[in-house]
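Asks: Dropping in work.cif, which is mmCIF, C-alpha atoms:
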```cif
data_upload
#
loop_
_atom_site.label_atom_id
_atom_site.label_comp_id
_atom_site.auth_asym_id
_atom_site.auth_seq_id
_atom_site.Cartn_x
_atom_site.Cartn_y
_atom_site.Cartn_z
CA MET A 1 -95.20 -24.73 154.81
CA ASN A 2 -94.07 -28.15 153.64
CA LEU A 3 -94.11 -28.90 149.93
CA THR A 4 -92.48 -31.45 147.65
CA ILE A 5 -92.62 -31.39 143.84
CA HIS A 6 -91.41 -34.45 141.99
CA SER A 7 -89.70 -34.67 138.64
CA GLY A 8 -92.15 -34.86 135.74
CA GLU A 9 -95.13 -33.37 137.60
CA ALA A 10 -97.31 -30.53 136.31
CA VAL A 11 -98.30 -28.42 139.31
CA SER A 12 -100.37 -25.26 139.70
CA ILE A 13 -99.68 -22.91 142.60
CA LEU A 14 -103.04 -21.26 143.29
CA GLY A 15 -104.27 -18.48 145.55
CA ALA A 16 -105.45 -14.89 145.71
CA ASN A 17 -103.19 -11.91 145.07
CA GLY A 18 -100.61 -11.47 147.82
CA CYS A 19 -100.63 -15.07 149.06
CA GLY A 20 -96.99 -15.56 148.06
CA LYS A 21 -97.17 -17.41 144.74
CA SER A 22 -94.64 -15.27 142.86
CA THR A 23 -92.31 -15.17 145.86
CA LEU A 24 -92.35 -18.97 146.03
CA LEU A 25 -91.52 -19.26 142.33
CA LYS A 26 -88.60 -16.87 142.75
CA MET A 27 -87.31 -19.09 145.54
CA PHE A 28 -87.56 -22.14 143.28
CA SER A 29 -85.62 -20.18 140.66
CA GLY A 30 -82.78 -19.22 143.01
CA LEU A 31 -83.65 -15.51 142.98
CA LEU A 32 -84.86 -15.34 146.59
CA PHE A 33 -84.13 -17.49 149.63
CA PRO A 34 -86.20 -18.44 152.71
CA SER A 35 -85.45 -16.67 155.99
CA SER A 36 -85.91 -19.97 157.84
CA GLY A 37 -86.26 -23.64 157.02
CA LYS A 38 -84.67 -25.42 154.08
CA LEU A 39 -85.21 -25.37 150.35
CA MET A 40 -83.84 -28.48 148.62
CA ALA A 41 -83.48 -28.92 144.88
CA PHE A 42 -81.92 -31.83 142.99
CA GLY A 43 -80.63 -33.23 146.28
CA GLU A 44 -78.81 -30.03 147.30
CA GLU A 45 -79.79 -27.24 149.66
CA LEU A 46 -80.42 -24.01 147.81
CA THR A 47 -79.08 -20.99 149.70
CA ALA A 48 -77.65 -17.56 148.96
CA HIS A 49 -74.24 -18.98 149.89
CA SER A 50 -74.49 -21.95 147.51
CA MET A 51 -75.61 -19.66 144.66
CA ARG A 52 -72.46 -17.58 145.11
CA ASN A 53 -70.55 -20.66 143.95
CA ASP A 54 -70.26 -20.08 140.19
CA SER A 55 -70.18 -23.79 139.34
CA PHE A 56 -73.27 -24.55 141.46
CA ALA A 57 -75.19 -21.56 140.14
CA HIS A 58 -74.23 -22.39 136.56
CA GLN A 59 -75.53 -25.95 136.83
CA TYR A 60 -78.67 -24.93 138.70
CA HIS A 61 -79.71 -22.28 136.21
CA ARG A 62 -79.20 -24.74 133.36
CA ARG A 63 -81.77 -27.05 134.95
CA ILE A 64 -84.34 -24.40 135.85
CA GLY A 65 -86.14 -22.18 133.36
CA PHE A 66 -88.11 -19.24 134.80
CA ILE A 67 -90.57 -17.30 132.63
CA PHE A 68 -91.61 -14.06 134.34
CA GLN A 69 -95.14 -12.73 134.39
CA ASP A 70 -93.94 -9.51 132.74
CA SER A 71 -91.83 -10.33 129.69
CA ASP A 72 -90.35 -6.82 129.69
CA VAL A 73 -88.22 -7.67 132.74
CA GLN A 74 -86.83 -10.72 130.94
CA LEU A 75 -85.91 -9.14 127.59
CA PHE A 76 -83.01 -6.70 127.46
CA CYS A 77 -81.04 -7.11 124.21
CA ASN A 78 -81.24 -4.93 121.10
CA SER A 79 -82.69 -7.62 118.85
CA VAL A 80 -84.58 -10.89 119.18
CA GLU A 81 -81.60 -12.73 117.69
CA GLU A 82 -79.26 -11.30 120.33
CA GLU A 83 -81.80 -12.14 123.02
CA LEU A 84 -81.95 -15.77 121.95
CA ALA A 85 -78.18 -16.06 121.61
CA PHE A 86 -77.35 -14.47 124.97
CA GLY A 87 -77.84 -17.48 127.26
CA LEU A 88 -76.13 -19.94 124.95
CA LEU A 89 -73.09 -17.71 124.54
CA GLN A 90 -72.80 -17.42 128.33
CA LEU A 91 -72.54 -21.21 128.39
CA ASP A 92 -69.73 -21.14 125.81
CA PHE A 93 -71.69 -22.63 122.92
CA SER A 94 -69.95 -22.06 119.60
CA ALA A 95 -71.36 -19.53 117.16
CA SER A 96 -72.41 -22.31 114.76
CA GLU A 97 -74.17 -24.35 117.47
CA THR A 98 -75.87 -21.21 118.76
CA ARG A 99 -77.12 -20.36 115.26
CA SER A 100 -78.37 -23.93 114.72
CA ARG A 101 -80.29 -23.95 118.00
CA ILE A 102 -81.82 -20.54 117.32
CA ASN A 103 -82.96 -21.65 113.87
CA ASP A 104 -84.64 -24.70 115.38
CA ILE A 105 -86.44 -22.81 118.15
CA VAL A 106 -87.77 -19.99 115.97
CA LYS A 107 -89.19 -22.55 113.57
CA LEU A 108 -90.76 -24.51 116.44
CA LEU A 109 -92.44 -21.40 117.85
CA GLY A 110 -93.19 -19.79 114.49
CA ILE A 111 -91.28 -16.57 115.22
CA GLU A 112 -88.84 -16.49 112.30
CA HIS A 113 -90.27 -13.13 111.25
CA LEU A 114 -89.30 -11.58 114.60
CA ILE A 115 -85.62 -12.47 114.53
CA ASN A 116 -84.31 -9.00 113.54
CA LYS A 117 -86.86 -6.96 115.48
CA THR A 118 -86.29 -5.06 118.72
CA PRO A 119 -87.98 -6.90 121.63
CA PHE A 120 -89.38 -3.71 123.14
CA LYS A 121 -91.45 -3.00 120.02
CA LEU A 122 -93.14 -6.40 119.97
CA SER A 123 -96.70 -7.12 121.07
CA GLY A 124 -97.33 -8.76 124.42
CA GLY A 125 -97.85 -12.15 122.81
CA GLU A 126 -94.71 -11.82 120.69
CA LYS A 127 -92.65 -10.85 123.74
CA LYS A 128 -93.96 -13.90 125.59
CA LYS A 129 -92.96 -16.16 122.69
CA VAL A 130 -89.45 -14.69 122.62
CA ALA A 131 -89.09 -15.11 126.40
CA ILE A 132 -90.22 -18.72 126.12
CA ALA A 133 -87.86 -19.35 123.20
CA ALA A 134 -84.91 -17.92 125.14
CA THR A 135 -85.75 -20.17 128.09
CA LEU A 136 -86.27 -23.33 126.02
CA LEU A 137 -82.94 -22.83 124.26
CA MET A 138 -81.27 -23.67 127.57
CA ASN A 139 -83.17 -27.00 127.61
CA PRO A 140 -84.11 -26.84 131.31
CA GLU A 141 -85.52 -29.84 133.16
CA VAL A 142 -87.99 -27.66 135.06
CA LEU A 143 -90.12 -24.87 133.60
CA ILE A 144 -91.44 -22.33 136.09
CA LEU A 145 -94.08 -19.95 134.73
CA ASP A 146 -95.58 -17.00 136.60
CA GLU A 147 -98.99 -16.14 135.11
CA PRO A 148 -97.94 -17.41 131.66
CA THR A 149 -101.18 -16.41 129.91
CA ASN A 150 -101.22 -12.88 131.32
CA ALA A 151 -102.04 -10.27 128.61
CA LEU A 152 -102.24 -12.91 125.88
CA ASP A 153 -105.10 -13.08 123.41
CA PRO A 154 -107.18 -16.31 123.36
CA LYS A 155 -105.40 -17.69 120.27
CA THR A 156 -101.96 -17.20 121.82
CA GLN A 157 -103.19 -18.67 125.10
CA GLN A 158 -104.21 -21.87 123.35
CA TRP A 159 -100.90 -21.97 121.48
CA LEU A 160 -99.06 -21.72 124.81
CA VAL A 161 -101.22 -24.42 126.44
CA GLN A 162 -100.49 -26.81 123.55
CA LEU A 163 -96.76 -26.04 123.74
CA LEU A 164 -96.58 -26.61 127.50
CA ASN A 165 -98.54 -29.85 127.22
CA HIS A 166 -96.11 -31.05 124.56
CA LEU A 167 -93.13 -30.16 126.76
CA HIS A 168 -94.68 -31.91 129.76
CA GLN A 169 -95.31 -35.04 127.71
CA ALA A 170 -91.63 -34.89 126.71
CA GLY A 171 -90.69 -35.11 130.39
CA LYS A 172 -90.39 -31.51 131.55
CA THR A 173 -91.55 -30.60 135.04
CA LEU A 174 -94.05 -27.72 135.00
CA ILE A 175 -94.70 -25.36 137.91
CA VAL A 176 -97.30 -22.72 137.09
CA THR A 177 -99.11 -19.90 138.83
CA THR A 178 -102.22 -18.52 137.16
CA HIS A 179 -105.47 -16.73 137.87
CA ASN A 180 -106.95 -18.13 134.68
CA LEU A 181 -109.02 -20.91 136.21
CA ASP A 182 -110.47 -21.80 132.81
CA LEU A 183 -107.04 -22.83 131.54
CA VAL A 184 -105.41 -24.22 134.66
CA GLY A 185 -106.92 -27.67 134.14
CA GLN A 186 -105.44 -27.80 130.66
CA LEU A 187 -101.95 -27.06 131.99
CA THR A 188 -101.58 -29.10 135.16
CA THR A 189 -102.91 -32.11 137.06
CA ARG A 190 -101.96 -31.23 140.65
CA GLY A 191 -102.94 -28.10 142.58
CA VAL A 192 -101.38 -26.47 145.64
CA LEU A 193 -103.77 -23.91 147.11
CA PHE A 194 -102.66 -21.09 149.41
CA ASN A 195 -104.77 -18.91 151.66
CA GLU A 196 -104.08 -15.23 152.28
CA MET A 197 -102.01 -16.11 155.37
CA HIS A 198 -99.46 -17.79 153.05
CA GLN A 199 -100.46 -21.26 154.24
CA ILE A 200 -101.14 -24.33 152.13
CA VAL A 201 -104.78 -25.29 152.62
CA ALA A 202 -105.00 -27.95 149.91
CA ASP A 203 -102.55 -30.10 147.95
CA ASP A 204 -104.46 -32.54 145.78
CA GLU A 205 -105.55 -33.50 142.31
CA LEU A 206 -106.44 -30.28 140.56
CA SER A 207 -109.89 -31.54 139.58
CA LYS A 208 -110.78 -32.07 143.25
CA ILE A 209 -109.61 -28.60 144.26
CA MET A 210 -111.43 -26.88 141.40
CA THR A 211 -114.76 -28.50 142.33
CA ASN A 212 -114.46 -27.51 146.01
CA HIS A 213 -116.17 -24.14 145.59
CA ASP A 214 -116.52 -23.53 149.32
CA LEU A 215 -112.76 -23.81 149.79
CA LEU A 216 -112.06 -21.61 146.76
CA ARG A 217 -114.36 -18.95 148.19
CA GLN A 218 -112.65 -19.16 151.59
CA VAL A 219 -109.30 -18.26 150.01
CA ASN A 220 -110.92 -15.53 147.87
CA LEU A 221 -110.05 -17.23 144.60
CA ILE A 222 -113.66 -17.13 143.40
CA TYR A 223 -116.77 -15.13 144.40
#
```
Mind turning the file's structure into structure tokens?

Replies:
Amino acid sequence: MNLTIHSGEAVSILGANGCGKSTLLKMFSGLLFPSSGKLMAFGEELTAHSMRNDSFAHQYHRRIGFIFQDSDVQLFCNSVEEELAFGLLQLDFSASETRSRINDIVKLLGIEHLINKTPFKLSGGEKKKVAIAATLLMNPEVLILDEPTNALDPKTQQWLVQLLNHLHQAGKTLIVTTHNLDLVGQLTTRGVLFNEMHQIVADDELSKIMTNHDLLRQVNLIY
């Protein structure tokens, strides 16, 4: 495959289950690495060797924010407050700056009432909001979201769409995988479509891909 994503784009990675969408996102996030070929990011090659360099890994993970499909694998602290503070404290932010940033993000996302709760006892939508808040606190340039509306009720889905649109308008790059074809057009403008052989069969304006029903049927994305 050959794929380039430019700064400031909003891109959907589309395809049936098993086509490699989540694996590709994990590569973009520096969690997995290709067995052949090259993966370039911000002008540097991304490899297992380069990510063992603490300085390189530190800078890379500050620029990339990855929101997992399952929020449970992303949340591990005893309270929401600790969860939100964890990343900032790893970057040596002072206690006062950490507190200020947390106050701002919980107000932005409307989750002040969750601050002292245990993440594992939250609803699916609340967990997703906490995971997003923890990611946004790092102020990444690129937001990578794997099935971001999974298990969310319609109201929370619309809240998330509005938030992501706002972040994109502010200059963030969005890379999204989703099976929710009703929402994908609200999130992104470009689509990259994979078949079940892990090959790119279309890379075009999302509106053109979504109206090509024959192609969508060929890749088993619709009936």

Asks: Identify, on the basis of all atoms listed in the file, every residue whose closest approach to Gln90 in chain A does not exceed 12 Å; exclude the query and any residue fewer than 5 positions from it along the same chain; express the result as a list in words.

Replies: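 Skipping anything fewer than 5 positions along the chain leaves His58, His61, Arg62, Glu82, Glu83, Leu84, Ala85, Ala95, Thr98 and Met138 of chain A.
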
Asks: Give me the residues within 12 Å of Arg99 in chain A as an NGL selection string, counting only C-alpha atoms and dropping any in the same chain fewer than 6 places off.

Replies: :A and (81-82 or 84-86 or 88-89 or 93 or 105-106 or 115 or 137)

Asks: Kindly list the centre and edge lengths in Å, rounded to one decimal, for the axis-aligned box that covers all listed atoms of range 48-59 of chain A plus 4 Å on each of its six sides, as lines of an AutoDock Vina configuration file.

Replies:
```
center_x = -73.9
center_y = -21.8
center_z = 143.2
size_x = 15.5
size_y = 16.4
size_z = 21.3
```

Asks: Using only C-alpha atoms, what residues lie at most 9 Å away from (-92.8, -20.7, 135.6) (file coordinates), given as a ChimeraX atom specification?

Replies: /A:25,29,65-69,142-148,174-177

Asks: Work out how far apart CA of Gly8 in chain A and CA of Glu205 in chain A are and give it in Å to one decimal.

Replies: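 Computing it gives 15.0 Å between the two atoms.
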
Asks: Let me make sure I understand: among A:Ile102, A:Gly110, A:Lys21, A:Ala134, which one has the smallest atom-to-atom distance to Phe76 in chain A if we use only C-alpha atoms?

Replies: A:Ala134

Asks: Is it possible to dump range 111-157 of chain A as an mmCIF file, in the first residue's frame, including just N, CA and C atoms?

Replies:
```cif
data_model
loop_
_atom_site.group_PDB
_atom_site.id
_atom_site.type_symbol
_atom_site.label_atom_id
_atom_site.label_comp_id
_atom_site.auth_asym_id
_atom_site.auth_seq_id
_atom_site.Cartn_x
_atom_site.Cartn_y
_atom_site.Cartn_z
ATOM 1 N N ILE A 111 -17.546 17.413 32.082
ATOM 2 C CA ILE A 111 -17.389 16.214 32.918
ATOM 3 C C ILE A 111 -16.877 16.564 34.322
ATOM 4 N N GLU A 112 -17.177 17.769 34.780
ATOM 5 C CA GLU A 112 -16.739 18.159 36.128
ATOM 6 C C GLU A 112 -17.250 17.182 37.186
ATOM 7 N N HIS A 113 -18.459 16.679 36.988
ATOM 8 C CA HIS A 113 -19.075 15.798 37.981
ATOM 9 C C HIS A 113 -18.431 14.414 38.041
ATOM 10 N N LEU A 114 -17.538 14.110 37.102
ATOM 11 C CA LEU A 114 -16.894 12.799 37.082
ATOM 12 C C LEU A 114 -15.519 12.803 37.746
ATOM 13 N N ILE A 115 -15.022 13.953 38.117
ATOM 14 C CA ILE A 115 -13.621 14.118 38.468
ATOM 15 C C ILE A 115 -13.154 13.188 39.586
ATOM 16 N N ASN A 116 -14.016 12.897 40.565
ATOM 17 C CA ASN A 116 -13.607 12.051 41.697
ATOM 18 C C ASN A 116 -14.085 10.613 41.573
ATOM 19 N N LYS A 117 -14.675 10.265 40.440
ATOM 20 C CA LYS A 117 -15.200 8.917 40.270
ATOM 21 C C LYS A 117 -14.121 7.963 39.759
ATOM 22 N N THR A 118 -14.369 6.676 39.951
ATOM 23 C CA THR A 118 -13.478 5.636 39.432
ATOM 24 C C THR A 118 -13.822 5.368 37.971
ATOM 25 N N PRO A 119 -12.871 5.416 37.060
ATOM 26 C CA PRO A 119 -13.174 5.245 35.632
ATOM 27 C C PRO A 119 -13.927 3.960 35.314
ATOM 28 N N PHE A 120 -13.623 2.879 36.034
ATOM 29 C CA PHE A 120 -14.202 1.583 35.696
ATOM 30 C C PHE A 120 -15.698 1.513 35.999
ATOM 31 N N LYS A 121 -16.208 2.463 36.793
ATOM 32 C CA LYS A 121 -17.616 2.459 37.147
ATOM 33 C C LYS A 121 -18.432 3.438 36.292
ATOM 34 N N LEU A 122 -17.794 4.048 35.317
ATOM 35 C CA LEU A 122 -18.483 4.997 34.457
ATOM 36 C C LEU A 122 -19.225 4.273 33.339
ATOM 37 N N SER A 123 -20.177 4.966 32.733
ATOM 38 C CA SER A 123 -20.860 4.423 31.558
ATOM 39 C C SER A 123 -19.918 4.459 30.358
ATOM 40 N N GLY A 124 -20.309 3.789 29.286
ATOM 41 C CA GLY A 124 -19.474 3.778 28.089
ATOM 42 C C GLY A 124 -19.215 5.166 27.542
ATOM 43 N N GLY A 125 -20.264 6.004 27.517
ATOM 44 C CA GLY A 125 -20.102 7.364 27.031
ATOM 45 C C GLY A 125 -19.216 8.203 27.935
ATOM 46 N N GLU A 126 -19.342 8.007 29.244
ATOM 47 C CA GLU A 126 -18.502 8.755 30.195
ATOM 48 C C GLU A 126 -17.042 8.341 30.072
ATOM 49 N N LYS A 127 -16.810 7.035 29.903
ATOM 50 C CA LYS A 127 -15.430 6.565 29.720
ATOM 51 C C LYS A 127 -14.809 7.180 28.468
ATOM 52 N N LYS A 128 -15.612 7.242 27.391
ATOM 53 C CA LYS A 128 -15.105 7.809 26.143
ATOM 54 C C LYS A 128 -14.730 9.276 26.338
ATOM 55 N N LYS A 129 -15.545 10.016 27.065
ATOM 56 C CA LYS A 129 -15.259 11.426 27.316
ATOM 57 C C LYS A 129 -13.977 11.588 28.125
ATOM 58 N N VAL A 130 -13.778 10.729 29.125
ATOM 59 C CA VAL A 130 -12.556 10.801 29.926
ATOM 60 C C VAL A 130 -11.334 10.461 29.079
ATOM 61 N N ALA A 131 -11.453 9.430 28.225
ATOM 62 C CA ALA A 131 -10.332 9.067 27.350
ATOM 63 C C ALA A 131 -9.994 10.208 26.395
ATOM 64 N N ILE A 132 -11.017 10.852 25.862
ATOM 65 C CA ILE A 132 -10.791 11.992 24.967
ATOM 66 C C ILE A 132 -10.149 13.145 25.725
ATOM 67 N N ALA A 133 -10.643 13.415 26.930
ATOM 68 C CA ALA A 133 -10.082 14.506 27.743
ATOM 69 C C ALA A 133 -8.606 14.258 28.029
ATOM 70 N N ALA A 134 -8.263 13.016 28.401
ATOM 71 C CA ALA A 134 -6.869 12.691 28.706
ATOM 72 C C ALA A 134 -5.979 12.888 27.485
ATOM 73 N N THR A 135 -6.508 12.569 26.310
ATOM 74 C CA THR A 135 -5.747 12.738 25.072
ATOM 75 C C THR A 135 -5.596 14.214 24.710
ATOM 76 N N LEU A 136 -6.681 14.976 24.824
ATOM 77 C CA LEU A 136 -6.637 16.392 24.449
ATOM 78 C C LEU A 136 -5.744 17.199 25.378
ATOM 79 N N LEU A 137 -5.604 16.757 26.618
ATOM 80 C CA LEU A 137 -4.739 17.473 27.554
ATOM 81 C C LEU A 137 -3.297 17.533 27.060
ATOM 82 N N MET A 138 -2.908 16.572 26.238
ATOM 83 C CA MET A 138 -1.548 16.550 25.700
ATOM 84 C C MET A 138 -1.405 17.475 24.490
ATOM 85 N N ASN A 139 -2.527 18.033 24.028
ATOM 86 C CA ASN A 139 -2.557 18.952 22.887
ATOM 87 C C ASN A 139 -1.843 18.390 21.665
ATOM 88 N N PRO A 140 -2.248 17.197 21.197
ATOM 89 C CA PRO A 140 -1.587 16.598 20.033
ATOM 90 C C PRO A 140 -1.964 17.318 18.738
ATOM 91 N N GLU A 141 -1.075 17.227 17.757
ATOM 92 C CA GLU A 141 -1.359 17.789 16.439
ATOM 93 C C GLU A 141 -2.293 16.878 15.641
ATOM 94 N N VAL A 142 -2.178 15.576 15.896
ATOM 95 C CA VAL A 142 -2.931 14.572 15.146
ATOM 96 C C VAL A 142 -3.778 13.767 16.130
ATOM 97 N N LEU A 143 -5.061 13.637 15.825
ATOM 98 C CA LEU A 143 -5.961 12.806 16.614
ATOM 99 C C LEU A 143 -6.332 11.575 15.806
ATOM 100 N N ILE A 144 -6.043 10.399 16.352
ATOM 101 C CA ILE A 144 -6.333 9.131 15.700
ATOM 102 C C ILE A 144 -7.408 8.429 16.526
ATOM 103 N N LEU A 145 -8.537 8.119 15.890
ATOM 104 C CA LEU A 145 -9.672 7.567 16.617
ATOM 105 C C LEU A 145 -10.147 6.277 15.967
ATOM 106 N N ASP A 146 -10.135 5.203 16.741
ATOM 107 C CA ASP A 146 -10.568 3.895 16.257
ATOM 108 C C ASP A 146 -12.010 3.666 16.705
ATOM 109 N N GLU A 147 -12.937 3.682 15.756
ATOM 110 C CA GLU A 147 -14.368 3.515 16.036
ATOM 111 C C GLU A 147 -14.818 4.422 17.191
ATOM 112 N N PRO A 148 -14.689 5.740 17.033
ATOM 113 C CA PRO A 148 -14.928 6.646 18.160
ATOM 114 C C PRO A 148 -16.357 6.669 18.672
ATOM 115 N N THR A 149 -17.331 6.297 17.827
ATOM 116 C CA THR A 149 -18.724 6.337 18.280
ATOM 117 C C THR A 149 -19.213 4.970 18.757
ATOM 118 N N ASN A 150 -18.314 4.004 18.848
ATOM 119 C CA ASN A 150 -18.702 2.664 19.268
ATOM 120 C C ASN A 150 -19.301 2.682 20.677
ATOM 121 N N ALA A 151 -20.493 2.088 20.835
ATOM 122 C CA ALA A 151 -21.187 1.938 22.124
ATOM 123 C C ALA A 151 -21.690 3.262 22.703
ATOM 124 N N LEU A 152 -21.709 4.312 21.900
ATOM 125 C CA LEU A 152 -22.216 5.593 22.379
ATOM 126 C C LEU A 152 -23.680 5.769 21.976
ATOM 127 N N ASP A 153 -24.455 6.387 22.855
ATOM 128 C CA ASP A 153 -25.843 6.685 22.521
ATOM 129 C C ASP A 153 -25.878 7.830 21.501
ATOM 130 N N PRO A 154 -26.993 8.013 20.794
ATOM 131 C CA PRO A 154 -27.066 9.029 19.734
ATOM 132 C C PRO A 154 -26.701 10.435 20.200
ATOM 133 N N LYS A 155 -27.114 10.817 21.415
ATOM 134 C CA LYS A 155 -26.797 12.155 21.913
ATOM 135 C C LYS A 155 -25.297 12.333 22.086
ATOM 136 N N THR A 156 -24.640 11.321 22.655
ATOM 137 C CA THR A 156 -23.191 11.408 22.863
ATOM 138 C C THR A 156 -22.455 11.352 21.529
ATOM 139 N N GLN A 157 -22.984 10.593 20.570
ATOM 140 C CA GLN A 157 -22.382 10.567 19.237
ATOM 141 C C GLN A 157 -22.363 11.961 18.622
#
```
